[in-house]
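S.K.: Please find target.tsv (TSV, C-alpha atoms) on the next line:
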chain	number	residue	atom	x	y	z
P	1	MET	CA	23.48	17.58	-42.20
P	2	THR	CA	20.45	16.31	-40.26
P	3	ALA	CA	19.81	16.31	-36.57
P	4	GLU	CA	17.83	13.77	-34.63
P	5	VAL	CA	15.19	15.18	-32.30
P	6	VAL	CA	15.13	13.33	-28.99
P	7	THR	CA	12.40	13.71	-26.39
P	8	LEU	CA	14.17	13.95	-23.06
P	9	TYR	CA	11.13	13.88	-20.81
P	10	GLU	CA	7.66	12.53	-21.43
P	11	THR	CA	6.26	15.05	-18.93
P	12	ASN	CA	7.52	17.92	-16.87
P	13	LEU	CA	7.48	16.65	-13.29
P	14	ARG	CA	8.23	20.18	-12.11
P	15	ASP	CA	4.58	20.97	-12.93
P	16	PRO	CA	2.65	19.34	-10.06
P	17	VAL	CA	-0.78	19.84	-11.65
P	18	ALA	CA	0.27	18.17	-14.91
P	19	ALA	CA	2.01	15.34	-13.02
P	20	LEU	CA	-1.09	14.65	-10.90
P	21	ARG	CA	-3.30	14.67	-14.01
P	22	LYS	CA	-0.97	12.19	-15.70
P	23	ILE	CA	-1.06	9.90	-12.66
P	24	ALA	CA	-4.88	10.14	-12.55
P	25	ASN	CA	-5.06	9.22	-16.25
P	26	GLN	CA	-2.77	6.24	-15.64
P	27	ILE	CA	-4.95	5.08	-12.73
P	28	GLU	CA	-8.08	5.38	-14.90
P	29	ALA	CA	-6.35	3.43	-17.67
P	30	GLY	CA	-5.56	0.61	-15.22
P	31	ASP	CA	-1.79	1.03	-15.51
P	32	TYR	CA	-1.40	0.37	-11.77
P	33	GLY	CA	-4.04	-2.33	-11.41
P	34	ASP	CA	-6.88	-1.94	-8.92
P	35	VAL	CA	-5.88	1.12	-6.86
P	36	GLY	CA	-7.45	1.07	-3.41
P	37	CYS	CA	-5.42	3.80	-1.73
P	38	VAL	CA	-3.57	6.93	-2.79
P	39	GLY	CA	-1.49	9.08	-0.46
P	40	VAL	CA	-0.37	12.59	-1.38
P	41	VAL	CA	1.84	14.99	0.55
P	42	LEU	CA	1.47	18.56	-0.65
P	43	LEU	CA	3.85	21.34	0.31
P	44	GLY	CA	2.61	24.84	-0.42
P	45	ASN	CA	2.20	27.58	2.16
P	46	THR	CA	1.48	24.70	4.54
P	47	MET	CA	2.03	20.96	4.36
P	48	GLU	CA	-1.08	18.89	3.77
P	49	VAL	CA	-1.46	15.10	3.67
P	50	PHE	CA	-4.30	13.48	1.76
P	51	GLY	CA	-5.56	9.94	1.40
P	52	ALA	CA	-8.09	8.84	-1.20
P	53	GLY	CA	-9.64	5.56	-2.23
P	54	ALA	CA	-11.73	2.77	-0.77
P	55	ASP	CA	-8.87	1.67	1.53
P	56	SER	CA	-7.71	5.15	2.57
P	57	GLU	CA	-8.38	5.23	6.30
P	58	GLY	CA	-5.65	6.97	8.30
P	59	PRO	CA	-3.50	3.96	9.23
P	60	SER	CA	-3.47	2.65	5.63
P	61	VAL	CA	-2.35	6.02	4.27
P	62	ALA	CA	0.35	6.27	6.96
P	63	VAL	CA	1.69	2.81	6.09
P	64	LEU	CA	1.56	3.61	2.37
P	65	LEU	CA	3.57	6.81	2.87
P	66	GLN	CA	6.09	4.97	5.08
P	67	ALA	CA	6.50	2.25	2.45
P	68	GLY	CA	7.15	4.96	-0.16
P	69	HIS	CA	9.75	6.49	2.14
P	70	MET	CA	11.47	3.12	2.55
P	71	ARG	CA	11.53	2.60	-1.24
P	72	ILE	CA	13.21	5.99	-1.77
P	73	VAL	CA	15.78	5.30	0.97
P	74	SER	CA	16.53	1.87	-0.48
P	75	ALA	CA	17.07	3.35	-3.95
P	76	ILE	CA	19.47	5.92	-2.50
P	77	GLU	CA	21.37	3.30	-0.50
P	78	SER	CA	21.82	1.01	-3.51
P	79	HIS	CA	22.85	3.82	-5.88
P	80	GLY	CA	26.23	3.14	-7.40
P	81	LYS	CA	26.51	-0.44	-6.15
Let's see the structure in the file written out as structure tokens.
M.R.:
Amino acid sequence: MTAEVVTLYETNLRDPVAALRKIANQIEAGDYGDVGCVGVVLLGNTMEVFGAGADSEGPSVAVLLQAGHMRIVSAIESHGK
């Protein structure tokens, strides 16, 4: 009898450092096109919000984070339809 080995997850998203490194590698590889702005919300002992990139002034990061919020809400609303 043989068993097939199946990879369930490409990465462990419960490891924030590894996940951020993977995202950085994907940005460097051009997987997301020309990235002008990145927004990160970090929750440790305190909550911190970071923006990085050529287009990362405060209002752009705020709009980016709000758009991400809307995408998550939309996915939840359409779940099961």
S.K.: Find the spatial neighbours of range 15-29 of chain P, counting all atoms listed in the file, within a cut-off of 10 Å - ignore same-chain residues fewer than 4 positions away - and output them as a CSV table (one decimal) with C-alpha atoms, in the coordinates of the input.
M.R.:
chain,number,residue,atom,x,y,z
P,11,THR,CA,6.3,15.0,-18.9
P,33,GLY,CA,-4.0,-2.3,-11.4
P,34,ASP,CA,-6.9,-1.9,-8.9
P,35,VAL,CA,-5.9,1.1,-6.9
P,40,VAL,CA,-0.4,12.6,-1.4
P,42,LEU,CA,1.5,18.6,-0.6
S.K.: What does the structure give for the distance between CA of Gly30 in chain P and CA of Arg14 in chain P, in Å to one decimal?
M.R.: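 Between these atoms lies a distance of 24.1 Å.
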S.K.: Enter the distance from CA of Asp55 in chain P to CA of Val38 in chain P, in Å, rounded to one decimal.
M.R.: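 Result for CA of Asp55 in chain P versus CA of Val38 in chain P: 8.6 Å, one decimal.
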S.K.: Neighbouring residues of Gly51 in chain P were defined as those with any atom within 10 Å, considering only C-alpha atoms; residues of the same chain fewer than 2 positions away were excluded. Please report them as an MDAnalysis selection string.
M.R.: chainID P and resid 37:41 49 53:58 60:62 64:65
S.K.: Provide the CA of Asp31 in chain P to CA of His79 in chain P distance in Å, to one decimal place.
M.R.: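 If I compute the distance from CA of Asp31 in chain P to CA of His79 in chain P, I get 26.6 Å.
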S.K.: Using all atoms of range 10-27 of chain P that appear in the file, construct an axis-aligned enclosing box with 8 Å of padding on every side and provide its centre coordinates and edge lengths in Å, rounded to one decimal, as AutoDock Vina command-line options.
M.R.:
--center_x 1.6 --center_y 13.0 --center_z -15.7 --size_x 29.3 --size_y 31.9 --size_z 27.4
